[in-house]
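What follows is one structure encoded as structure tokens, with my remarks underneath.
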Amino acid sequence: MMQTLSMLDLEPFLLSFKLAATTTVILFFISLPLAWYLSQTRSKLKPFLEAVTALPIVLPPSVLGFYILWALSYNSPVGSFFQEYFGIKLVFNFTGLVVASCFYSLPFMVQPLQSGFEGLNKNMIEASFISGKSKIKTLLRVALPNIKPALITAMIVTFAHTVGEFGVVLMVGGSIPGETKVASVAIYEMVEMMDYDLAHIYSAIMLFISFLVLLGVYIFNHKHNKKFGAV
Amino acid sequence: MINIDIHKTLYGTNGEMNLGVKLNIKEYDFVALSGKSGSGKTTLLRILAGLEDAKGNIEVSGKIWLDDKNSLSPQKREIGFVFQDYALFANMTIEQNLLFVKRDKKLAKHLLSLSELDSLKDRYPNTLSGGQQQRVALCRALMNKPKLLLMDEPLSALDPHMRVKLQNEILMLHKEFGTTTIMVSHDPSEIYHLASRVVVLNNGQIVDDGLPKDVLLKTSGSQKFSFEGKLLDIIKVDVINIAIVAIGQQLVEVVVSSDEAKSLKVGSDVKVSTKAFSPTIKPLG
């Protein structure tokens with residue numbers, strides 16, 4: 001057992017966290033304006049946009065993975081465009097994983113942010129407009145600081161969800177050690193090879209970290225609501 | 001001069017309603033907007049603020065805020081707005097709430113000391129009482145030195161004592177800052193105390209407009225004196241009984257017979273009234 005522990009290959013974990021961190025940062029910047037727009041708009045397009053955003057929740061990862069693979073591969077216009085003009089390959093490497101994860105985890109960032117914004121006192125937002133502040137300034141100085149619990153939830157859940165991603169990653173990235181072999185894929189392979197000891201250790205680490213992260217979120221939200229009141 | 005001529009179809013709880021308001025307001029005037037709930041008062045205020053769209057024209061001191069083609073955004077209207085629920089920025093301290101509107105520390109300090117809020121400037125809004133929060137909201141609304149101050153039932157969530165205190169403060173600030181003020185209110189004494197003009201809306205239309213004295217007394221519909229108050233005590237002095245009643249902020253004594261004294265319960269709400277001294281009769285028309 002000790003020997004197994006000392007030989008533990010941590011690379012899949014590091015890869016998982018690197019992927020999750022990159023995805024979370026990128027998604028934050030994509031989702032912030034999107035969630036703000038969705039929370040403020042009265043446009044007829046809103047249900048359409050919301051449905052598209054929520055798709056990754058209901059679609060089987062294999063379906064999502066298949067479409068992403070199809071869209072990003074060299075044979076598709078998008079894939080060939082990136083390869084021709086930027087020399088970037090979008091499948092079976094880390095970049096491809098990041099792109100796929102951004103699609104896969106999008107609703108987990110957008111939805112908490114959107115409901116956070118929608119839960120804000122509308123008069124508070126309007127008070128900022130009336131004070132002469134632009135929509136962007138209102139978003140950054142008033143809306144965002146007042147949805148801290150939603151913001152933390154969005155970031156953490158996106159991070160955790162990306163760490164826990166399996167189907168899409170396997171389809172778009174395969175299992176290239178050090179490049180696309182993330183923890184969930186590594187565990188799958190261990191079980192395939194009937195290396196249950198190692199699968200146990202990896203799974204336990206995943207379980208432990210996931211629990212810690214969620215516990216942290218709930219403790220933070222509890223404390224925040226006590227201090228500032230539920231806004 | 002503020003010229004308002006707007007109309008909008010509203011879909012409220014009572015079905016479809018046409019809000020149609022034509023109004024000229026003099027500068028430095030204090031106008032109270034009254035009427036039943038659902039009569040369109042708040043919507044009118046929000047249209048003036050640019051928070052809701054409407055058809056028609058709004059012109060303020062020669063500047064067009066709304067016409068067929070354009071609608072000036074709330075950001076550019078240079079108004080102050082006080083909401084019923086205060087709507088302070090919860091993530092900022094009291095002082096930061098004011099400074100967010102305008103980086104003018106001197107003015108913020110001045111406003112805070114006028115409203116006796118200096119000692120609270122580093123606190124967060126949710127640690128303040130309702131009355132304190134509304135005073136902050138009032139100060140915040142004045143940070144831009146607005147020409148037009150709009151208030152949507154600013155005092156309705158506060159207790160009577162705090163209302164009177166804040167009424168005085170509103171009046172003082174209205175005068176000191178030389179704003180034109182439009183306030184939605186249900187409270188006759190508040191309107192009488194503050195406003196120089198009352199506009200009464202019903203079903204989206206103006207049904208009454210004039211001096212508070214004329215409009216308010218007319219709506220009560222009788223010329224006898226009648227006050228509601230709380231019976232505090234009944235004192236027996238020799239052969240008579242004196243009832244002590246609190247009306248508003250004042251105590252009055254009323255002589256009552258022993259039979260009346262028996263029928264009254266100390267602590268209950270009572271009505272003190274007297275017939276008019278010399279009723280006059282005039283022919284109609």
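Letters for chains follow the order of the structure tokens (A, B, ...), residue numbers begin at 1 for each chain, and ligand numbers begin at 1 in the order shown.
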Which polymer residues have any atom within 7 Å of an atom of segment 54-63 of chain A, counting only C-alpha atoms, with same-chain residues fewer than 3 positions away left out, as a ChimeraX atom specification? /A:50-51,66-67,104,107,167-168
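Every protein, DNA or RNA residue with an atom at most 10 Å from Leu72 of chain B, where only C-alpha atoms count and chain neighbours fewer than 4 positions away do not, is listed here: Ala49, Gly50, Ile58, Lys63, Ile64, Trp65, Leu66, Asp67, Lys76 and Arg77 of chain B.
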At a cut-off of 6 Å, which residues of chain B touch chain A? Count only C-alpha atoms and give the answer as a PDB file with C-alpha atoms, in the first residue's frame.
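Saved result, part-v4.pdb, follows:
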```
ATOM      1  CA  PRO B  74     -31.845  57.988 -16.499  1.00  0.00           C
ATOM      2  CA  GLN B  75     -28.094  58.600 -16.302  1.00  0.00           C
ATOM      3  CA  ALA B  87     -32.257  50.885  -2.000  1.00  0.00           C
ATOM      4  CA  ASN B  91     -21.662  46.706  -0.255  1.00  0.00           C
ATOM      5  CA  VAL B 101     -22.719  59.203  -6.696  1.00  0.00           C
TER       6      VAL B 101
END
```
Those in segment 62-173 of chain B with strand (DSSP E or B) from DSSP, as number ranges by chain: B: 63-66, 71, 79-82, 148-152
Atom pair atom CA of Leu215 of chain A + atom CA of Leu10 of chain A, distance 23.5 Å
Please provide the set of residues having any atom within 8 Å of Leu88 of chain B, restricted to only C-alpha atoms, with same-chain residues fewer than 2 positions apart removed, written as a list in words.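 Here the answer would be Met124 and Ala127 of chain A; Tyr86, Ala90, Asn97, Pro125, Gln133, Val136 and Ala137 of chain B.
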Could you tell me which of B:Val255, B:Ile191, B:Val237, B:Leu231 comes closest to Lys271 of chain B if we count only C-alpha atoms? B:Leu231
Per DSSP on the backbone, filter segment 46-202 of chain B down to the residues in alpha helix (DSSP H) and report them as a PyMOL selection string. chain B and resi 46-49+94-101+105-114+130-142+160-177+188-194
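Atom pair atom CA of Phe81 of chain B / atom CA of Ala141 of chain B has a distance of 5.6 Å (rounded to one decimal).
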